[in-house]
file entry15.txt (compact mmCIF, C-alpha atoms)
# COMPACT_ATOMS: atom_id res chain seq x y z
CA MET A 1288 109.24 73.56 56.62
CA LEU A 1289 106.16 71.72 57.82
CA TYR A 1290 104.04 74.74 56.98
CA TYR A 1291 104.92 74.51 53.29
CA LEU A 1292 104.48 70.74 53.23
CA PHE A 1293 101.01 70.92 54.76
CA ASP A 1294 100.12 73.91 52.60
CA TYR A 1295 100.82 71.72 49.57
CA LEU A 1296 98.83 68.86 51.08
CA ASN A 1297 95.96 71.26 51.77
CA GLN A 1298 95.84 72.12 48.08
CA LEU A 1299 95.37 68.39 47.47
CA ASP A 1300 92.48 68.40 49.99
CA PHE A 1301 94.41 66.23 52.43
CA PRO A 1302 92.28 65.95 55.62
CA GLY A 1303 93.52 68.15 58.48
CA ALA A 1304 96.31 69.78 56.47
CA GLY A 1305 94.59 73.17 56.69
CA MET A 1306 95.30 73.32 60.42
CA PHE A 1307 98.79 74.62 59.67
CA ARG A 1308 97.28 77.81 58.28
CA TYR A 1309 96.32 78.86 61.81
CA VAL A 1310 98.88 80.65 63.94
CA SER A 1311 97.27 79.31 67.12
CA PHE A 1312 97.74 75.69 66.00
CA ARG A 1313 101.34 76.19 64.89
CA SER A 1314 102.16 78.09 68.07
CA GLY A 1315 100.78 75.31 70.27
CA LEU A 1316 102.66 72.69 68.26
CA THR A 1317 105.87 74.73 68.46
CA LEU A 1318 105.58 75.08 72.24
CA ILE A 1319 105.10 71.33 72.67
CA MET A 1320 108.00 70.55 70.32
CA ALA A 1321 110.31 72.97 72.14
CA LEU A 1322 109.34 71.55 75.51
CA PHE A 1323 109.90 67.99 74.25
CA ILE A 1324 113.23 68.80 72.57
CA SER A 1325 114.66 70.65 75.58
CA THR A 1326 113.83 67.80 77.97
CA LEU A 1327 114.89 65.09 75.51
CA ILE A 1328 118.27 66.51 74.48
CA GLY A 1329 118.90 68.12 77.86
CA ARG A 1330 119.99 64.91 79.54
CA ARG A 1331 122.30 63.98 76.66
CA ILE A 1332 123.92 67.41 76.53
CA ILE A 1333 124.40 67.41 80.32
CA ASP A 1334 126.08 63.99 80.13
CA LYS A 1335 128.31 65.24 77.31
CA LEU A 1336 129.27 68.37 79.28
CA GLN A 1337 130.12 66.23 82.30
CA LEU A 1338 132.36 64.00 80.19
CA MET A 1339 134.09 67.10 78.86
CA GLN A 1340 134.41 68.36 82.47
CA VAL A 1341 132.65 71.60 81.58
CA GLY A 1342 132.00 72.49 85.21
CA GLU A 1343 131.18 75.85 86.78
CA THR A 1344 133.97 77.51 88.76
CA ILE A 1345 132.53 78.84 92.01
CA ARG A 1346 133.96 81.70 94.06
CA ASN A 1347 133.28 81.31 97.76
CA LEU A 1348 131.08 84.31 98.62
CA GLY A 1349 129.81 82.86 101.86
CA LEU A 1350 126.37 82.01 100.50
CA GLU A 1351 124.45 79.04 101.86
CA GLY A 1352 124.78 75.96 99.63
CA GLN A 1353 127.01 77.82 97.20
CA MET A 1354 129.99 75.47 97.20
CA SER A 1355 127.77 72.44 96.57
CA LYS A 1356 127.28 73.82 93.05
CA LYS A 1357 130.95 73.51 92.22
CA GLY A 1358 131.48 71.37 89.14
CA THR A 1359 127.88 71.64 87.91
CA PRO A 1360 127.96 71.65 84.09
CA THR A 1361 127.56 75.07 82.48
CA MET A 1362 126.94 76.23 78.89
CA GLY A 1363 123.49 74.66 79.14
CA GLY A 1364 122.13 77.59 77.15
CA VAL A 1365 122.89 75.42 74.11
CA ILE A 1366 119.82 73.37 75.11
CA ILE A 1367 117.61 76.47 75.03
CA ILE A 1368 118.97 77.68 71.68
CA ILE A 1369 118.43 74.32 69.97
CA ALA A 1370 114.95 74.00 71.47
CA ILE A 1371 114.04 77.44 70.13
CA LEU A 1372 115.47 77.19 66.63
CA VAL A 1373 114.44 73.65 65.64
CA PRO A 1374 110.67 73.99 66.25
CA THR A 1375 110.71 77.49 64.75
CA LEU A 1376 112.32 76.25 61.55
CA PHE A 1377 109.78 73.43 61.35
CA CYS A 1378 106.59 75.39 62.01
CA ALA A 1379 107.10 79.03 61.02
CA ARG A 1380 106.68 80.82 57.70
CA PHE A 1381 109.98 82.18 56.46
CA GLU A 1382 108.56 85.16 54.55
CA SER A 1383 108.47 87.23 57.75
CA ILE A 1384 111.36 89.68 58.19
CA TYR A 1385 110.48 89.76 61.88
CA LEU A 1386 111.11 86.03 62.17
CA TRP A 1387 114.53 86.35 60.57
CA LEU A 1388 115.46 89.14 62.96
CA MET A 1389 114.63 86.85 65.88
CA ILE A 1390 116.64 83.97 64.42
CA ILE A 1391 119.63 86.27 63.84
CA THR A 1392 119.32 87.56 67.42
CA THR A 1393 119.28 84.03 68.82
CA ILE A 1394 122.34 82.90 66.87
CA TRP A 1395 124.24 86.18 67.33
CA LEU A 1396 123.96 86.40 71.11
CA GLY A 1397 124.14 82.64 71.53
CA SER A 1398 127.51 82.71 69.78
CA LEU A 1399 128.64 85.66 71.92
CA GLY A 1400 127.68 83.88 75.14
CA PHE A 1401 129.23 80.63 73.95
CA ALA A 1402 132.54 82.41 73.26
CA ASP A 1403 132.46 83.90 76.76
CA ASP A 1404 131.74 80.54 78.41
CA TYR A 1405 134.35 78.79 76.28
CA ILE A 1406 137.06 81.18 77.47
CA LYS A 1407 135.98 80.75 81.09
CA VAL A 1408 135.77 76.96 81.01
CA PHE A 1409 138.38 75.79 78.53
CA ARG A 1410 140.88 78.65 78.72
CA LYS A 1411 140.50 78.77 82.54
CA ASN A 1412 140.09 82.55 82.38
CA LYS A 1413 137.51 83.56 85.00
CA GLU A 1414 137.00 86.95 83.36
CA GLY A 1415 135.81 85.37 80.12
CA LEU A 1416 135.43 87.49 77.02
CA LYS A 1417 136.59 91.05 77.56
CA GLY A 1418 133.75 93.42 78.37
CA ARG A 1419 134.40 95.71 75.43
CA PHE A 1420 133.94 92.84 72.98
CA LYS A 1421 130.59 91.98 74.56
CA ILE A 1422 129.44 95.58 74.29
CA ILE A 1423 130.60 95.82 70.68
CA ALA A 1424 128.65 92.67 69.79
CA GLN A 1425 125.52 93.88 71.59
CA VAL A 1426 125.74 97.31 69.98
CA GLY A 1427 126.28 95.63 66.60
CA LEU A 1428 123.12 93.56 67.01
CA GLY A 1429 121.12 96.61 68.06
CA LEU A 1430 122.43 98.47 65.01
CA ILE A 1431 121.42 95.62 62.69
CA VAL A 1432 117.91 95.39 64.16
CA GLY A 1433 117.39 99.16 64.06
CA LEU A 1434 118.64 99.53 60.49
CA VAL A 1435 116.58 96.59 59.21
CA MET A 1436 113.45 98.10 60.73
CA TYR A 1437 114.31 101.41 59.06
CA LEU A 1438 115.25 100.04 55.64
CA SER A 1439 112.96 97.04 55.17
CA PRO A 1440 109.71 97.81 53.28
CA ASP A 1441 108.04 94.96 55.18
CA VAL A 1442 108.36 96.70 58.56
CA VAL A 1443 105.15 98.74 58.57
CA ILE A 1444 102.25 99.56 60.86
CA ARG A 1445 98.61 100.53 60.59
CA GLU A 1446 98.03 103.26 63.11
CA ASN A 1447 95.07 103.06 65.48
CA ILE A 1448 92.47 105.85 65.33
CA GLU A 1449 90.05 106.63 68.15
CA PHE A 1450 86.42 107.53 67.45
CA LYS A 1451 84.92 109.37 70.43
CA ARG A 1452 81.41 110.12 71.59
CA GLY A 1453 80.16 113.53 72.61
CA ASP A 1454 81.30 112.98 76.22
CA ASN A 1455 84.86 112.42 74.92
CA LEU A 1456 84.82 108.69 75.69
CA VAL A 1457 86.24 106.31 73.09
CA GLU A 1458 83.40 104.60 71.24
CA HIS A 1459 85.52 102.36 69.07
CA VAL A 1460 89.00 102.08 67.56
CA SER A 1461 89.77 101.61 63.89
CA PHE A 1462 92.93 101.62 61.80
CA ARG A 1463 94.19 103.71 58.95
CA PRO A 1464 93.61 101.95 55.62
CA ASP A 1465 97.19 102.35 54.44
CA VAL A 1466 100.34 100.83 55.93
CA THR A 1467 103.18 103.18 56.78
CA LYS A 1468 106.72 103.11 58.03
CA SER A 1469 106.77 104.78 61.39
CA THR A 1470 108.88 105.47 64.45
CA LYS A 1471 105.83 105.25 66.69
CA THR A 1472 105.66 102.92 69.65
CA THR A 1473 103.21 102.13 72.44
CA ILE A 1474 103.43 104.04 75.69
CA PRO A 1475 101.56 102.94 78.84
CA PHE A 1476 99.22 104.97 81.10
CA MET A 1477 98.58 107.63 78.45
CA LYS A 1478 95.24 108.38 76.73
CA ASN A 1479 96.98 108.82 73.40
CA ASN A 1480 99.05 105.68 73.72
CA ASN A 1481 101.20 106.16 70.61
CA PHE A 1482 104.52 107.86 71.22
CA ASP A 1483 106.55 108.96 68.22
CA TYR A 1484 110.32 109.34 68.56
CA ALA A 1485 109.91 112.23 66.11
CA TYR A 1486 108.49 114.22 69.04
CA LEU A 1487 112.03 114.34 70.43
CA VAL A 1488 113.60 115.84 67.30
CA GLY A 1489 111.20 118.60 66.31
CA TRP A 1490 114.20 120.88 65.98
CA ALA A 1491 115.47 118.85 63.00
CA GLY A 1492 113.06 120.56 60.57
CA LYS A 1493 112.86 118.86 57.18
CA TYR A 1494 115.22 116.14 58.44
CA LYS A 1495 112.84 115.25 61.26
CA THR A 1496 112.02 111.80 59.88
CA GLU A 1497 115.66 110.79 59.46
CA ALA A 1498 116.53 112.16 62.91
CA ALA A 1499 113.65 110.20 64.44
CA TRP A 1500 115.00 106.97 62.95
CA ILE A 1501 118.45 107.76 64.35
CA VAL A 1502 116.88 108.12 67.80
CA PHE A 1503 115.00 104.86 67.24
CA VAL A 1504 118.19 103.01 66.30
CA LEU A 1505 120.03 104.43 69.33
CA MET A 1506 117.14 103.37 71.57
CA THR A 1507 117.28 99.89 70.04
CA ILE A 1508 121.00 99.63 70.81
CA LEU A 1509 120.43 100.79 74.39
CA ILE A 1510 117.57 98.36 75.02
CA VAL A 1511 119.33 95.33 73.53
CA THR A 1512 122.45 96.00 75.59
CA ALA A 1513 120.59 96.75 78.83
CA VAL A 1514 118.16 93.83 78.76
CA SER A 1515 120.70 91.21 77.69
CA ASN A 1516 123.05 92.31 80.48
CA GLY A 1517 120.12 92.43 82.92
CA ALA A 1518 119.24 88.82 82.15
CA ASN A 1519 122.90 87.91 82.57
CA LEU A 1520 122.94 89.45 86.07
CA THR A 1521 119.70 87.64 86.97
CA ASP A 1522 121.24 84.26 86.20
CA GLY A 1523 122.60 83.62 89.68
CA LEU A 1524 120.12 81.24 91.32
CA ASP A 1525 118.80 77.91 90.09
CA GLY A 1526 115.88 78.51 87.74
CA LEU A 1527 115.66 82.26 88.31
CA ALA A 1528 116.61 83.53 84.85
CA ALA A 1529 114.86 80.72 82.95
CA GLY A 1530 111.61 80.99 84.91
CA SER A 1531 111.55 84.79 84.78
CA SER A 1532 112.19 84.71 81.03
CA ALA A 1533 109.36 82.22 80.48
CA ILE A 1534 106.94 84.54 82.31
CA ILE A 1535 108.08 87.53 80.26
CA GLY A 1536 107.79 85.40 77.13
CA VAL A 1537 104.13 84.61 77.84
CA ALA A 1538 103.31 88.32 78.17
CA LEU A 1539 105.21 89.20 74.98
CA GLY A 1540 103.52 86.36 73.11
CA ILE A 1541 100.10 87.68 74.13
CA LEU A 1542 101.04 91.21 73.07
CA ALA A 1543 102.39 89.95 69.72
CA TYR A 1544 99.19 88.00 69.05
CA MET A 1545 97.07 91.02 69.97
CA SER A 1546 99.17 93.32 67.78
CA SER A 1547 98.91 91.01 64.75
CA HIS A 1548 95.12 90.59 65.05
CA ALA A 1549 93.07 93.62 64.01
CA GLU A 1550 90.13 92.97 66.34
CA PHE A 1551 92.28 92.37 69.43
CA ALA A 1552 94.52 95.33 68.57
CA SER A 1553 91.39 97.46 68.35
CA PHE A 1554 90.25 96.21 71.77
CA LEU A 1555 93.58 97.21 73.37
CA ASN A 1556 93.76 100.40 71.27
CA ILE A 1557 97.25 99.59 70.00
CA MET A 1558 98.68 99.79 66.50
CA PHE A 1559 98.11 96.87 64.13
CA LEU A 1560 101.29 95.15 62.89
CA PRO A 1561 100.73 93.19 59.66
CA GLY A 1562 102.93 90.10 59.45
CA ALA A 1563 103.76 89.98 63.15
CA GLU A 1564 101.83 86.75 63.69
CA GLU A 1565 104.92 84.62 63.00
CA LEU A 1566 106.48 86.14 66.10
CA VAL A 1567 103.88 84.26 68.14
CA VAL A 1568 105.25 81.00 66.75
CA PHE A 1569 108.79 82.00 67.69
CA MET A 1570 107.80 83.11 71.18
CA SER A 1571 105.96 79.84 71.73
CA ALA A 1572 109.23 78.03 71.04
CA PHE A 1573 110.96 80.41 73.46
CA ILE A 1574 108.44 79.64 76.21
CA GLY A 1575 108.62 75.89 75.64
CA ALA A 1576 112.42 75.92 75.61
CA THR A 1577 112.77 77.89 78.85
CA ILE A 1578 110.15 75.81 80.68
CA GLY A 1579 111.76 72.60 79.43
CA PHE A 1580 115.15 73.84 80.59
CA LEU A 1581 113.73 74.20 84.10
CA TRP A 1582 113.41 70.41 84.16
CA TYR A 1583 117.18 70.35 84.71
CA ASN A 1584 117.84 73.90 85.92
CA SER A 1585 115.36 74.12 88.80
CA TYR A 1586 116.74 73.76 92.33
CA PRO A 1587 119.05 71.90 92.75
CA ALA A 1588 120.32 72.60 89.25
CA GLN A 1589 121.85 69.82 87.17
CA VAL A 1590 123.09 72.35 84.61
CA PHE A 1591 123.61 76.11 84.39
CA MET A 1592 122.74 78.07 81.26
CA GLY A 1593 125.88 80.23 81.43
CA ASP A 1594 126.26 83.34 79.31
CA THR A 1595 125.32 81.16 76.33
CA GLY A 1596 121.78 81.17 77.64
CA SER A 1597 121.41 84.36 79.67
CA LEU A 1598 122.69 86.78 77.02
CA THR A 1599 120.52 85.05 74.44
CA LEU A 1600 117.35 85.17 76.55
CA GLY A 1601 117.79 88.86 77.34
CA GLY A 1602 118.54 89.74 73.73
CA ILE A 1603 115.52 87.84 72.43
CA ILE A 1604 113.23 89.61 74.89
CA ALA A 1605 114.65 93.03 73.97
CA VAL A 1606 114.47 92.60 70.18
CA PHE A 1607 111.02 91.03 70.36
CA ALA A 1608 109.66 93.96 72.39
CA ILE A 1609 111.19 96.43 69.94
CA ILE A 1610 109.70 94.66 66.91
CA ILE A 1611 106.17 94.68 68.34
CA ARG A 1612 106.62 98.34 69.38
CA LYS A 1613 106.33 97.63 73.10
CA GLU A 1614 109.88 98.52 74.18
CA LEU A 1615 108.67 101.26 76.53
CA LEU A 1616 106.87 98.58 78.55
CA ILE A 1617 110.16 96.82 79.31
CA PRO A 1618 110.85 98.63 82.63
CA ILE A 1619 107.59 97.13 83.92
CA LEU A 1620 107.60 93.75 82.18
CA CYS A 1621 111.30 93.10 82.81
CA GLY A 1622 111.15 94.58 86.29
CA ILE A 1623 113.16 91.68 87.72
CA PHE A 1624 116.01 92.26 85.26
CA PHE A 1625 115.71 96.01 85.83
CA ALA A 1626 115.92 95.68 89.62
CA GLU A 1627 118.92 93.34 89.38
CA SER A 1628 120.79 95.82 87.17
CA LEU A 1629 119.89 98.83 89.29
CA SER A 1630 121.00 97.07 92.47
CA VAL A 1631 124.47 96.59 91.02
CA MET A 1632 124.63 100.16 89.72
CA PHE A 1633 123.51 101.65 93.06
CA GLN A 1634 125.89 99.41 94.99
CA VAL A 1635 128.92 100.38 92.93
CA ALA A 1636 128.06 104.09 92.82
CA TYR A 1637 127.35 104.35 96.56
CA PHE A 1638 130.51 102.41 97.43
CA LYS A 1639 132.68 104.74 95.32
CA ILE A 1640 131.02 107.91 96.65
CA THR A 1641 131.36 106.91 100.32
CA GLN A 1642 134.90 105.68 99.78
CA ARG A 1643 135.84 109.02 98.25
CA ARG A 1644 134.23 111.01 101.08
CA THR A 1645 135.08 108.92 104.14
CA GLY A 1646 137.89 106.66 103.00
CA GLU A 1647 135.72 103.59 103.62
CA GLY A 1648 133.28 102.28 101.06
CA LYS A 1649 129.77 101.44 102.25
CA ARG A 1650 127.02 99.37 100.67
CA VAL A 1651 123.33 99.82 99.99
CA PHE A 1652 122.61 96.08 99.87
CA LYS A 1653 124.28 93.25 101.75
CA MET A 1654 125.32 91.83 98.38
CA THR A 1655 124.45 92.31 94.72
CA PRO A 1656 122.92 91.38 92.32
CA LEU A 1657 119.72 91.77 94.31
CA HIS A 1658 118.88 88.06 94.65
CA HIS A 1659 122.08 87.51 96.68
CA HIS A 1660 120.99 90.20 99.16
CA PHE A 1661 118.39 87.75 100.50
CA GLN A 1662 121.01 85.03 100.97
CA LYS A 1663 123.01 87.07 103.47
CA PRO A 1664 122.09 87.45 107.16
CA GLY A 1665 121.44 90.98 108.43
CA LYS A 1666 123.59 92.72 111.04
CA ALA A 1667 126.41 90.19 110.72
CA GLY A 1668 129.34 92.51 110.22
CA ILE A 1669 128.08 93.70 106.83
CA GLN A 1670 127.87 97.49 106.61
CA ALA A 1671 124.80 97.97 104.43
CA LEU A 1672 121.99 100.51 104.48
CA ILE A 1673 119.36 97.80 103.94
CA GLN A 1674 119.70 94.99 106.48
CA ARG A 1675 116.32 93.30 106.10
CA PRO A 1676 115.64 90.45 105.94
CA TYR A 1677 117.78 89.57 108.94
CA ASN A 1678 117.50 85.82 108.36
CA ILE A 1679 118.77 83.92 105.35
CA ILE A 1680 116.02 83.00 102.87
CA PRO A 1681 116.42 79.59 101.17
CA GLU A 1682 117.39 79.78 97.51
CA SER A 1683 114.33 77.94 96.22
CA LYS A 1684 112.01 80.34 98.09
CA ILE A 1685 113.81 83.39 96.69
CA VAL A 1686 113.38 82.06 93.16
CA VAL A 1687 109.67 81.32 93.55
CA ARG A 1688 109.05 84.74 95.10
CA PHE A 1689 110.85 86.43 92.21
CA TRP A 1690 108.69 84.40 89.81
CA LEU A 1691 105.55 85.59 91.59
CA VAL A 1692 106.71 89.19 91.30
CA GLY A 1693 107.40 88.54 87.61
CA ILE A 1694 103.86 87.23 87.09
CA ILE A 1695 102.40 90.31 88.77
CA LEU A 1696 104.54 92.59 86.59
CA ALA A 1697 103.49 90.69 83.44
CA VAL A 1698 99.81 91.17 84.30
CA ILE A 1699 100.36 94.84 85.10
CA THR A 1700 102.14 95.30 81.75
CA ILE A 1701 99.11 94.12 79.82
CA VAL A 1702 96.64 95.92 82.08
CA THR A 1703 98.47 99.24 81.61
CA LEU A 1704 97.28 99.30 78.01
CA LYS A 1705 93.72 99.75 79.29
CA MET A 1706 94.63 102.08 82.19
CA ARG A 1707 94.42 105.46 80.51

call {"tool": "encode", "arguments": {"input": "entry15.txt", "output": "structure tokens"}}
result
Amino acid sequence: MLYYLFDYLNQLDFPGAGMFRYVSFRSGLTLIMALFISTLIGRRIIDKLQLMQVGETIRNLGLEGQMSKKGTPTMGGVIIIIAILVPTLFCARFESIYLWLMIITTIWLGSLGFADDYIKVFRKNKEGLKGRFKIIAQVGLGLIVGLVMYLSPDVVIRENIEFKRGDNLVEHVSFRPDVTKSTKTTIPFMKNNNFDYAYLVGWAGKYKTEAAWIVFVLMTILIVTAVSNGANLTDGLDGLAAGSSAIIGVALGILAYMSSHAEFASFLNIMFLPGAEELVVFMSAFIGATIGFLWYNSYPAQVFMGDTGSLTLGGIIAVFAIIIRKELLIPILCGIFFAESLSVMFQVAYFKITQRRTGEGKRVFKMTPLHHHFQKPGKAGIQALIQRPYNIIPESKIVVRFWLVGIILAVITIVTLKMR
């Protein structure tokens, strides 16, 4: 809304009104607003949740300091959602279809997570919303995003073209003059860094284009479901999910800015995405909201985000990466989420296999998701393949170390675009 107001004032030659034309200025303002809103309303929402006795139910898993968290208000993801949406609505341009996809994602998964938390807290049902309903909602969102990107005429790219010297080294990168709809995405470590989903359906003949979009939509569904659930699993220690998401958000914001700027896109040799600059404004709000939430969520947490926050954060990251055609970088960028999910999958699979073969289930890790593995002592009656570390690591140290790994992965993600 402010963009249109200042655009009108700029036409009247109002001093300073032209600043709102710059994405960098609006992104910085959005980040500050989100940070301010999340810290300002956070205290009030926490007080309200405490009055409503919206406390977390804790199962005693034998983790150090675990029971002290009993009764801590949950559903704090509402703080993050408000702090994302309000600054975005104030500072962004609404003509962007990409922006609307991000707003829909935020509201859609925020509502899903809220329903799950509501059932857990107010209906006293520890299981929350049934798993099949969560999957249906996540698949539905992925289907919406994939179909909009297929059907909308505004979702286009300008493909990057390499101009090489005689020694086969790239001299410079340009872009095709025309915009096209495409199923191409960016792939790391490869010299020709554009991967087309159409490569997978060469057998489809004259229906190759339609088949490629079907693959793209299916990939979108898979990524949205996997990343949102991965973020949900990561939300188990104070500040872990919020801090990790903020780090991922910074990397995605940089990639979105590079992709929407022809010169920077040329430098990284990635496709140019016209109209993607408004995503930088949205991601700035995301970063500000998650950092502001850490004011109350860092150890010891005064509020938990619950599924209201974790499902939303994961979904935003997934859809954002898909929109800027960087979804194949997710295994690196979201390595923390990926490792948390894999730890659970390996644990369950290994337990079932050993139970079937020997009659007694065994474990790979002392406890999953992965962050809990470091909260258990080694060789203390726990039959697990991986016993290290033998000593319990304090929760705050685990979180900071995971953040550091996340920062390294974010840097690697960006660097991979030049490692070819």

call {"tool": "residues_around", "arguments": {"input": "entry15.txt", "residues": "region 1522-1525 of chain A", "least_positions_apart": "4", "cutoff": "9 Å", "atoms": "all atoms listed in the file", "output": "list in words"}}
result
Gly1517, Ala1518, Ala1529, Leu1581, Asn1584, Ser1585, Tyr1586, Pro1587, Ala1588, Val1590, Phe1591, Met1592, Gly1593, Asp1594, Ser1597, Pro1656, His1658, His1659, Glu1682, Ser1683, Ile1685 and Val1686 of chain A

call {"tool": "write_last_selection", "arguments": {"input": "entry15.txt", "atoms": "C-alpha atoms", "output": "PDB file, in the frame of the given file"}}
result
ATOM      1  CA  GLY A1517     120.120  92.430  82.920  1.00  0.00           C
ATOM      2  CA  ALA A1518     119.240  88.820  82.150  1.00  0.00           C
ATOM      3  CA  ALA A1529     114.860  80.720  82.950  1.00  0.00           C
ATOM      4  CA  LEU A1581     113.730  74.200  84.100  1.00  0.00           C
ATOM      5  CA  ASN A1584     117.840  73.900  85.920  1.00  0.00           C
ATOM      6  CA  SER A1585     115.360  74.120  88.800  1.00  0.00           C
ATOM      7  CA  TYR A1586     116.740  73.760  92.330  1.00  0.00           C
ATOM      8  CA  PRO A1587     119.050  71.900  92.750  1.00  0.00           C
ATOM      9  CA  ALA A1588     120.320  72.600  89.250  1.00  0.00           C
ATOM     10  CA  VAL A1590     123.090  72.350  84.610  1.00  0.00           C
ATOM     11  CA  PHE A1591     123.610  76.110  84.390  1.00  0.00           C
ATOM     12  CA  MET A1592     122.740  78.070  81.260  1.00  0.00           C
ATOM     13  CA  GLY A1593     125.880  80.230  81.430  1.00  0.00           C
ATOM     14  CA  ASP A1594     126.260  83.340  79.310  1.00  0.00           C
ATOM     15  CA  SER A1597     121.410  84.360  79.670  1.00  0.00           C
ATOM     16  CA  PRO A1656     122.920  91.380  92.320  1.00  0.00           C
ATOM     17  CA  HIS A1658     118.880  88.060  94.650  1.00  0.00           C
ATOM     18  CA  HIS A1659     122.080  87.510  96.680  1.00  0.00           C
ATOM     19  CA  GLU A1682     117.390  79.780  97.510  1.00  0.00           C
ATOM     20  CA  SER A1683     114.330  77.940  96.220  1.00  0.00           C
ATOM     21  CA  ILE A1685     113.810  83.390  96.690  1.00  0.00           C
ATOM     22  CA  VAL A1686     113.380  82.060  93.160  1.00  0.00           C
TER      23      VAL A1686
END

call {"tool": "closest_residue", "arguments": {"input": "entry15.txt", "among": "A:Ile1367, A:Leu1691, A:Leu1509, A:Leu1566", "to": "Leu1386 (chain A)", "atoms": "only C-alpha atoms"}}
result
A:Leu1566

call {"tool": "closest_residue", "arguments": {"input": "entry15.txt", "among": "A:Gly1303, A:Gly1622, A:Gly1315, A:Gly1530", "to": "Leu1696 (chain A)", "atoms": "only C-alpha atoms"}}
result
A:Gly1622

call {"tool": "atom_distance", "arguments": {"input": "entry15.txt", "atom1": "CA of Cys1378 (chain A)", "atom2": "CA of Phe1301 (chain A)"}}
result
18.0 Å

call {"tool": "residues_around", "arguments": {"input": "entry15.txt", "residues": "Met1558 (chain A)", "least_positions_apart": "5", "cutoff": "12 Å", "atoms": "only C-alpha atoms", "output": "number ranges by chain"}}
result
A: 1443-1449, 1460-1463, 1466-1467, 1469-1474, 1479-1482, 1542-1543, 1545-1553, 1563, 1611-1613, 1704

call {"tool": "write_last_selection", "arguments": {"input": "entry15.txt", "atoms": "C-alpha atoms", "output": "PDB file, in the coordinates of the input"}}
result
ATOM      1  CA  VAL A1443     105.150  98.740  58.570  1.00  0.00           C
ATOM      2  CA  ILE A1444     102.250  99.560  60.860  1.00  0.00           C
ATOM      3  CA  ARG A1445      98.610 100.530  60.590  1.00  0.00           C
ATOM      4  CA  GLU A1446      98.030 103.260  63.110  1.00  0.00           C
ATOM      5  CA  ASN A1447      95.070 103.060  65.480  1.00  0.00           C
ATOM      6  CA  ILE A1448      92.470 105.850  65.330  1.00  0.00           C
ATOM      7  CA  GLU A1449      90.050 106.630  68.150  1.00  0.00           C
ATOM      8  CA  VAL A1460      89.000 102.080  67.560  1.00  0.00           C
ATOM      9  CA  SER A1461      89.770 101.610  63.890  1.00  0.00           C
ATOM     10  CA  PHE A1462      92.930 101.620  61.800  1.00  0.00           C
ATOM     11  CA  ARG A1463      94.190 103.710  58.950  1.00  0.00           C
ATOM     12  CA  VAL A1466     100.340 100.830  55.930  1.00  0.00           C
ATOM     13  CA  THR A1467     103.180 103.180  56.780  1.00  0.00           C
ATOM     14  CA  SER A1469     106.770 104.780  61.390  1.00  0.00           C
ATOM     15  CA  THR A1470     108.880 105.470  64.450  1.00  0.00           C
ATOM     16  CA  LYS A1471     105.830 105.250  66.690  1.00  0.00           C
ATOM     17  CA  THR A1472     105.660 102.920  69.650  1.00  0.00           C
ATOM     18  CA  THR A1473     103.210 102.130  72.440  1.00  0.00           C
ATOM     19  CA  ILE A1474     103.430 104.040  75.690  1.00  0.00           C
ATOM     20  CA  ASN A1479      96.980 108.820  73.400  1.00  0.00           C
ATOM     21  CA  ASN A1480      99.050 105.680  73.720  1.00  0.00           C
ATOM     22  CA  ASN A1481     101.200 106.160  70.610  1.00  0.00           C
ATOM     23  CA  PHE A1482     104.520 107.860  71.220  1.00  0.00           C
ATOM     24  CA  LEU A1542     101.040  91.210  73.070  1.00  0.00           C
ATOM     25  CA  ALA A1543     102.390  89.950  69.720  1.00  0.00           C
ATOM     26  CA  MET A1545      97.070  91.020  69.970  1.00  0.00           C
ATOM     27  CA  SER A1546      99.170  93.320  67.780  1.00  0.00           C
ATOM     28  CA  SER A1547      98.910  91.010  64.750  1.00  0.00           C
ATOM     29  CA  HIS A1548      95.120  90.590  65.050  1.00  0.00           C
ATOM     30  CA  ALA A1549      93.070  93.620  64.010  1.00  0.00           C
ATOM     31  CA  GLU A1550      90.130  92.970  66.340  1.00  0.00           C
ATOM     32  CA  PHE A1551      92.280  92.370  69.430  1.00  0.00           C
ATOM     33  CA  ALA A1552      94.520  95.330  68.570  1.00  0.00           C
ATOM     34  CA  SER A1553      91.390  97.460  68.350  1.00  0.00           C
ATOM     35  CA  ALA A1563     103.760  89.980  63.150  1.00  0.00           C
ATOM     36  CA  ILE A1611     106.170  94.680  68.340  1.00  0.00           C
ATOM     37  CA  ARG A1612     106.620  98.340  69.380  1.00  0.00           C
ATOM     38  CA  LYS A1613     106.330  97.630  73.100  1.00  0.00           C
ATOM     39  CA  LEU A1704      97.280  99.300  78.010  1.00  0.00           C
TER      40      LEU A1704
END

call {"tool": "closest_residue", "arguments": {"input": "entry15.txt", "among": "A:Gly1363, A:Gly1329, A:Gly1427, A:Pro1676", "to": "Thr1595 (chain A)", "atoms": "only C-alpha atoms"}}
result
A:Gly1363

call {"tool": "atom_distance", "arguments": {"input": "entry15.txt", "atom1": "CA of Thr1507 (chain A)", "atom2": "CA of Gly1601 (chain A)"}}
result
13.2 Å

call {"tool": "atom_distance", "arguments": {"input": "entry15.txt", "atom1": "CA of Val1435 (chain A)", "atom2": "CA of Met1320 (chain A)"}}
result
29.6 Å

call {"tool": "closest_residue", "arguments": {"input": "entry15.txt", "among": "A:Ala1572, A:Ile1501, A:Val1488, A:Ile1557", "to": "Val1373 (chain A)", "atoms": "only C-alpha atoms"}}
result
A:Ala1572

call {"tool": "closest_residue", "arguments": {"input": "entry15.txt", "among": "A:Ile1394, A:Ala1485, A:Ile1422, A:Ile1680", "to": "Ala1498 (chain A)", "atoms": "all atoms listed in the file"}}
result
A:Ala1485
